[in-house]
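Raw contents of run-v4.pdb, PDB, C-alpha atoms:
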ATOM      1  CA  GLN O 287      21.067 -25.889 -36.345
ATOM      2  CA  CYS O 288      17.309 -26.131 -35.910
ATOM      3  CA  GLY O 289      15.380 -24.606 -38.799
ATOM      4  CA  ALA O 290      14.887 -20.856 -38.963
ATOM      5  CA  GLY O 291      14.199 -20.417 -35.216
ATOM      6  CA  PRO O 292      16.637 -19.690 -32.400
ATOM      7  CA  ASN O 293      18.432 -22.579 -30.739
ATOM      8  CA  VAL O 294      18.874 -20.994 -27.302
ATOM      9  CA  VAL O 295      16.757 -18.464 -25.438
ATOM     10  CA  LEU O 296      17.779 -16.933 -22.106
ATOM     11  CA  LEU O 297      15.011 -15.564 -19.912
ATOM     12  CA  PRO O 298      15.484 -13.255 -16.897
ATOM     13  CA  SER O 299      14.915 -16.211 -14.573
ATOM     14  CA  GLY O 300      18.070 -17.812 -15.948
ATOM     15  CA  LEU O 301      16.164 -20.548 -17.747
ATOM     16  CA  VAL O 302      17.906 -21.825 -20.851
ATOM     17  CA  LEU O 303      15.673 -23.154 -23.616
ATOM     18  CA  ARG O 304      17.066 -25.122 -26.515
ATOM     19  CA  HIS O 305      15.501 -25.914 -29.869
ATOM     20  CA  CYS O 306      12.776 -23.288 -29.840
ATOM     21  CA  ASN O 307      11.943 -23.483 -33.498
ATOM     22  CA  THR O 308       8.971 -21.142 -33.773
ATOM     23  CA  MET O 309       8.034 -17.766 -32.355
ATOM     24  CA  PRO O 310       4.655 -19.055 -31.071
ATOM     25  CA  HIS O 311       6.531 -21.746 -29.129
ATOM     26  CA  ILE O 312       8.781 -19.082 -27.574
ATOM     27  CA  ALA O 313       5.734 -16.909 -26.792
ATOM     28  CA  ARG O 314       4.013 -19.787 -24.937
ATOM     29  CA  ILE O 315       7.126 -20.434 -22.850
ATOM     30  CA  VAL O 316       7.620 -16.746 -22.059
ATOM     31  CA  GLN O 317       3.965 -16.411 -21.104
ATOM     32  CA  ARG O 318       4.282 -19.309 -18.645
ATOM     33  CA  GLN O 319       7.390 -17.709 -17.142
ATOM     34  CA  VAL O 320       6.031 -14.163 -16.964
ATOM     35  CA  VAL O 321       2.449 -14.792 -15.857
ATOM     36  CA  GLY O 322       2.852 -18.094 -14.070
ATOM     37  CA  GLY O 323       1.023 -20.091 -16.714
ATOM     38  CA  GLN O 324      -2.068 -17.906 -16.539
ATOM     39  CA  SER O 325      -3.422 -16.472 -19.741
ATOM     40  CA  VAL O 326      -2.825 -12.804 -20.291
ATOM     41  CA  ALA O 327      -6.609 -12.318 -20.548
ATOM     42  CA  ALA O 328      -7.154 -13.934 -17.125
ATOM     43  CA  THR O 329      -4.446 -11.779 -15.564
ATOM     44  CA  LEU O 330      -5.982  -8.645 -17.068
ATOM     45  CA  GLU O 331      -9.444  -9.663 -15.842
ATOM     46  CA  ALA O 332      -8.127 -10.249 -12.320
ATOM     47  CA  THR O 333      -6.354  -6.896 -12.401
ATOM     48  CA  GLN O 334      -9.566  -5.167 -13.514
ATOM     49  CA  LEU O 335     -11.446  -6.777 -10.616
ATOM     50  CA  LYS O 336      -8.718  -5.577  -8.265
ATOM     51  CA  VAL O 337      -9.268  -2.028  -9.590
ATOM     52  CA  VAL O 338     -13.020  -2.415  -8.967
ATOM     53  CA  GLY O 339     -12.274  -3.552  -5.420
ATOM     54  CA  ASN O 340      -9.905  -0.636  -4.843
ATOM     55  CA  ALA O 341     -12.558   1.832  -6.021
ATOM     56  CA  ALA O 342     -15.111   0.233  -3.698
ATOM     57  CA  MET O 343     -12.652   0.575  -0.790
ATOM     58  CA  GLN O 344     -12.192   4.263  -1.543
ATOM     59  CA  ARG O 345     -15.967   4.652  -1.322
ATOM     60  CA  GLY O 346     -15.994   2.692   1.938
ATOM     61  CA  ASP O 347     -17.968  -0.178   0.390
ATOM     62  CA  CYS O 348     -16.067  -3.061   1.955
ATOM     63  CA  ILE O 349     -18.654  -5.673   0.906
ATOM     64  CA  GLN O 350     -18.301  -4.877  -2.804
ATOM     65  CA  ALA O 351     -14.512  -4.712  -2.383
ATOM     66  CA  ILE O 352     -14.383  -8.141  -0.741
ATOM     67  CA  ASP O 353     -16.572  -9.587  -3.502
ATOM     68  CA  ALA O 354     -14.377  -8.099  -6.264
ATOM     69  CA  TYR O 355     -11.139  -9.254  -4.617
ATOM     70  CA  THR O 356     -12.547 -12.739  -4.051
ATOM     71  CA  GLU O 357     -13.636 -12.985  -7.677
ATOM     72  CA  ALA O 358     -10.165 -11.838  -8.780
ATOM     73  CA  LEU O 359      -8.540 -14.498  -6.613
ATOM     74  CA  ASN O 360     -10.783 -17.141  -8.157
ATOM     75  CA  ILE O 361      -9.561 -16.140 -11.628
ATOM     76  CA  ASN O 362      -5.901 -15.622 -10.960
ATOM     77  CA  GLY O 363      -3.764 -17.621  -8.571
ATOM     78  CA  SER O 364      -0.479 -16.254  -9.835
ATOM     79  CA  HIS O 365       1.841 -13.333  -9.338
ATOM     80  CA  ILE O 366      -0.684 -10.703  -8.187
ATOM     81  CA  SER O 367      -2.486 -12.853  -5.607
ATOM     82  CA  HIS O 368      -0.494 -11.389  -2.717
ATOM     83  CA  THR O 369      -1.609  -7.830  -3.524
ATOM     84  CA  ILE O 370      -5.235  -8.882  -3.922
ATOM     85  CA  LEU O 371      -5.125 -10.782  -0.620
ATOM     86  CA  SER O 372      -3.537  -7.761   1.054
ATOM     87  CA  ASN O 373      -6.315  -5.514  -0.205
ATOM     88  CA  ARG O 374      -8.978  -8.016   0.812
ATOM     89  CA  SER O 375      -7.440  -8.159   4.285
ATOM     90  CA  ALA O 376      -7.890  -4.389   4.562
ATOM     91  CA  ALA O 377     -11.490  -4.702   3.370
ATOM     92  CA  HIS O 378     -12.239  -7.385   5.969
ATOM     93  CA  LEU O 379     -10.765  -5.128   8.627
ATOM     94  CA  LEU O 380     -12.916  -2.198   7.467
ATOM     95  CA  LYS O 381     -15.931  -4.523   7.720
ATOM     96  CA  GLY O 382     -14.931  -5.364  11.296
ATOM     97  CA  ASP O 383     -13.918  -8.959  10.569
ATOM     98  CA  GLY O 384     -10.493  -9.171  12.181
ATOM     99  CA  LEU O 385     -10.266 -12.944  11.892
ATOM    100  CA  SER O 386     -10.771 -12.953   8.098
ATOM    101  CA  ALA O 387      -8.365 -10.020   7.832
ATOM    102  CA  LEU O 388      -5.760 -12.034   9.732
ATOM    103  CA  GLU O 389      -6.302 -15.115   7.547
ATOM    104  CA  ASP O 390      -5.688 -13.071   4.403
ATOM    105  CA  ALA O 391      -2.662 -11.337   5.954
ATOM    106  CA  ASP O 392      -1.189 -14.706   6.904
ATOM    107  CA  SER O 393      -1.739 -15.882   3.316
ATOM    108  CA  VAL O 394       0.062 -12.794   2.011
ATOM    109  CA  ILE O 395       3.038 -13.585   4.236
ATOM    110  CA  ALA O 396       3.047 -17.210   3.079
ATOM    111  CA  LEU O 397       3.140 -16.075  -0.569
ATOM    112  CA  LYS O 398       5.599 -13.165  -0.155
ATOM    113  CA  PRO O 399       7.446 -13.405   3.169
ATOM    114  CA  ALA O 400       9.820 -10.570   2.279
ATOM    115  CA  TRP O 401       7.026  -8.091   1.481
ATOM    116  CA  HIS O 402       6.437  -5.689   4.374
ATOM    117  CA  LYS O 403       2.787  -5.067   3.518
ATOM    118  CA  GLY O 404       1.781  -8.564   4.640
ATOM    119  CA  TYR O 405       3.157  -7.839   8.101
ATOM    120  CA  VAL O 406       1.414  -4.443   8.165
ATOM    121  CA  ARG O 407      -1.890  -6.162   7.391
ATOM    122  CA  GLN O 408      -1.136  -8.837   9.985
ATOM    123  CA  ALA O 409      -0.340  -6.207  12.633
ATOM    124  CA  GLU O 410      -3.550  -4.303  11.915
ATOM    125  CA  ALA O 411      -5.640  -7.493  12.138
ATOM    126  CA  LEU O 412      -3.918  -8.626  15.341
ATOM    127  CA  THR O 413      -4.479  -5.191  16.862
ATOM    128  CA  ALA O 414      -8.183  -5.430  16.006
ATOM    129  CA  LEU O 415      -8.244  -8.871  17.642
ATOM    130  CA  ASP O 416      -6.543  -7.379  20.735
ATOM    131  CA  GLN O 417      -3.454  -9.561  20.348
ATOM    132  CA  LYS O 418      -1.111  -6.700  21.215
ATOM    133  CA  GLN O 419       2.198  -8.521  21.628
ATOM    134  CA  LYS O 420       1.831 -10.418  18.354
ATOM    135  CA  ALA O 421       0.763  -7.192  16.640
ATOM    136  CA  LEU O 422       3.866  -5.425  17.920
ATOM    137  CA  GLU O 423       6.025  -8.265  16.583
ATOM    138  CA  ALA O 424       4.343  -7.959  13.171
ATOM    139  CA  TRP O 425       4.849  -4.170  13.107
ATOM    140  CA  THR O 426       8.497  -4.695  13.998
ATOM    141  CA  ARG O 427       8.942  -7.244  11.210
ATOM    142  CA  ALA O 428       7.344  -4.830   8.733
ATOM    143  CA  LEU O 429       9.810  -2.166   9.843
ATOM    144  CA  GLU O 430      12.741  -4.541   9.435
ATOM    145  CA  LEU O 431      11.668  -5.176   5.855
ATOM    146  CA  GLU O 432      10.811  -1.567   4.982
ATOM    147  CA  ASP O 433      12.626   1.029   7.065
ATOM    148  CA  SER O 434      10.955   3.896   5.178
ATOM    149  CA  LEU O 435       7.913   3.174   7.368
ATOM    150  CA  MET O 436       9.711   5.298   9.965
ATOM    151  CA  GLU O 437       8.902   8.311   7.784
ATOM    152  CA  SER O 438       5.172   7.627   7.982
ATOM    153  CA  PRO O 439       3.367   9.581  10.722
ATOM    154  CA  GLU O 440       0.532   7.047  10.580
ATOM    155  CA  PHE O 441       2.947   4.156  11.167
ATOM    156  CA  LEU O 442       4.689   5.976  14.001
ATOM    157  CA  GLN O 443       1.401   6.777  15.707
ATOM    158  CA  LYS O 444       0.155   3.179  15.478
ATOM    159  CA  PHE O 445       3.514   1.781  16.562
ATOM    160  CA  ARG O 446       3.868   4.160  19.544
ATOM    161  CA  GLU O 447       0.316   3.541  20.739
ATOM    162  CA  LEU O 448       0.683  -0.219  20.504
ATOM    163  CA  LYS O 449       4.071  -0.120  22.216
ATOM    164  CA  ARG O 450       2.551   1.877  25.087
ATOM    165  CA  ARG O 451      -0.295  -0.596  25.392
ATOM    166  CA  VAL O 452       2.077  -3.578  25.410
ATOM    167  CA  ASP O 453       4.625  -2.440  27.916
ATOM    168  CA  GLY O 454       3.457   0.861  29.326
ATOM    169  CA  SER O 455       6.499   2.674  27.877
ATOM    170  CA  LYS O 456       8.931   1.449  30.504
ATOM    171  CA  SER O 457      11.380   4.096  31.576
ATOM    172  CA  GLY O 458      14.586   4.078  29.611
ATOM    173  CA  GLU O 459      13.050   2.584  26.469
ATOM    174  CA  GLN O 460      12.759   4.852  23.493
ATOM    175  CA  ILE O 461       9.708   4.840  21.270
ATOM    176  CA  PRO O 462      10.051   5.866  17.637
ATOM    177  CA  GLY O 463       9.290   9.532  17.124
ATOM    178  CA  SER O 464       9.427  10.387  20.850
ATOM    179  CA  GLY O 465      12.367  12.752  20.565
ATOM    180  CA  ASP O 466      15.226  10.323  21.125
ATOM    181  CA  SER O 467      18.563  11.808  20.201
ATOM    182  CA  ASP O 468      19.789   8.874  18.096
ATOM    183  CA  GLY O 469      16.744   8.950  15.825
ATOM    184  CA  ALA O 470      13.724   6.717  15.881
ATOM    185  CA  GLU O 471      15.004   4.150  13.436
ATOM    186  CA  SER O 472      18.224   3.416  15.307
ATOM    187  CA  SER O 473      16.305   3.222  18.586
ATOM    188  CA  VAL O 474      13.964   0.555  17.268
ATOM    189  CA  ARG O 475      16.818  -1.459  15.820
ATOM    190  CA  LYS O 476      18.857  -1.235  19.047
ATOM    191  CA  GLN O 477      15.924  -2.538  21.074
ATOM    192  CA  LYS O 478      15.194  -5.454  18.728
ATOM    193  CA  ILE O 479      11.543  -5.020  19.623
TER     194      ILE O 479
END
So, in terms of C-alpha cells, how does the structure I just supplied come out?
Amino acid sequence: QCGAGPNVVLLPSGLVLRHCNTMPHIARIVQRQVVGGQSVAATLEATQLKVVGNAAMQRGDCIQAIDAYTEALNINGSHISHTILSNRSAAHLLKGDGLSALEDADSVIALKPAWHKGYVRQAEALTALDQKQKALEAWTRALELEDSLMESPEFLQKFRELKRRVDGSKSGEQIPGSGDSDGAESSVRKQKI
C-alpha cells in the first residue's frame, strides 16, 4: 500500500507504473506518454500554427504557409510533426521548390513509414523534379499502404500519366482506370509496379 494514491496504472501503450502516489504525478506521466513530453500549451500552439498554414495554402499563399509550418515545427517536435512536414512539402511544391518538397516528404517517411501521405508527397516532389521512375515507385508504395487511393480520380489521373511517361504504356500492361476487366486495383497489385 502506498498512501491514498493508486499503486499501479496501465496506459494504452502497455506501460505499467507502480507507486504513483499523487494525481499530479500521474498527470505528468500521462502527459509525457500522450504528447511525447511536450507541454499541452506547446502542442496547441503548434496546432494553431498548422491551421494558419493550412488557411494560407487555401489562399495560395505558399510563403506564409511555409513560414507557419516552419514555426510550428520549431515549437513541436512530437506526434504531429509528420503532418506539418507533409503540409510544408505541399507548400514547397506550390512554390516551385521541388527539392525542399522532397526533403520534407523524405522526413515524413522517416517519421511515419506506414503513412501513405508521405509517399504521395514524395511522388509529387519526384515528379516535379522529373525523376519519373522513382515517382512511380513512390506512388505505388502509397497505393500499397492506402488502397482507397484507387477511388480517387486525381490519383488515377496522376498515376496513369506518370505510368505512360515511364514506360509508354507497353502493350499488355493494364493501367489503373483504363477499363481492365479485373478492376484497376487488382491490375496494379498483379503487376507489382
Hey, which of O:Ile366, O:Thr333, O:Gln419, O:Ala424 ends up closest to Ala391 of chain O? Count all atoms listed in the file. O:Ala424
Carefully work through the PyMOL selection byres ((chain O and resi 446-448) around 7) for this structure and note down the residues it includes, as a count of residues only. 12
Name the residues in contact with Leu415 of chain O at a cut-off of 9 Å, using only C-alpha atoms, excluding same-chain residues fewer than 6 positions from it; report them as a list in words. Gly384, Leu385 and Leu388 of chain O
Selection from above, C-alpha atoms, as a PDB file, in the coordinates of the input, can you write it?
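Saved to again_14.pdb:
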ATOM      1  CA  GLY O 384     -10.493  -9.171  12.181  1.00  0.00           C
ATOM      2  CA  LEU O 385     -10.266 -12.944  11.892  1.00  0.00           C
ATOM      3  CA  LEU O 388      -5.760 -12.034   9.732  1.00  0.00           C
TER       4      LEU O 388
END
Spatial neighbours of Leu379 of chain O, max dist 8 Å, all atoms listed in the file, sep filter under 4 positions, as a compact mmCIF listing (two decimals) with C-alpha atoms, in the frame of the given file:
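Output file out-v4.txt follows:
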# COMPACT_ATOMS: atom_id res chain seq x y z
CA SER O 375 -7.44 -8.16 4.28
CA ASP O 383 -13.92 -8.96 10.57
CA GLY O 384 -10.49 -9.17 12.18
CA SER O 386 -10.77 -12.95 8.10
CA ALA O 387 -8.36 -10.02 7.83
CA GLU O 410 -3.55 -4.30 11.92
CA ALA O 411 -5.64 -7.49 12.14
CA ALA O 414 -8.18 -5.43 16.01
Have a look at atom CA of Leu412 of chain O and atom CA of Ser393 of chain O and let me know their distance in Å, one decimal.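 Atom-to-atom, atom CA of Leu412 of chain O to atom CA of Ser393 of chain O, that is 14.2 Å.
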I need the residue nearest Ile349 of chain O from this list: O:Ala377, O:Ala400, O:Leu371, O:Glu331. Use all atoms listed in the file for the distance. O:Ala377
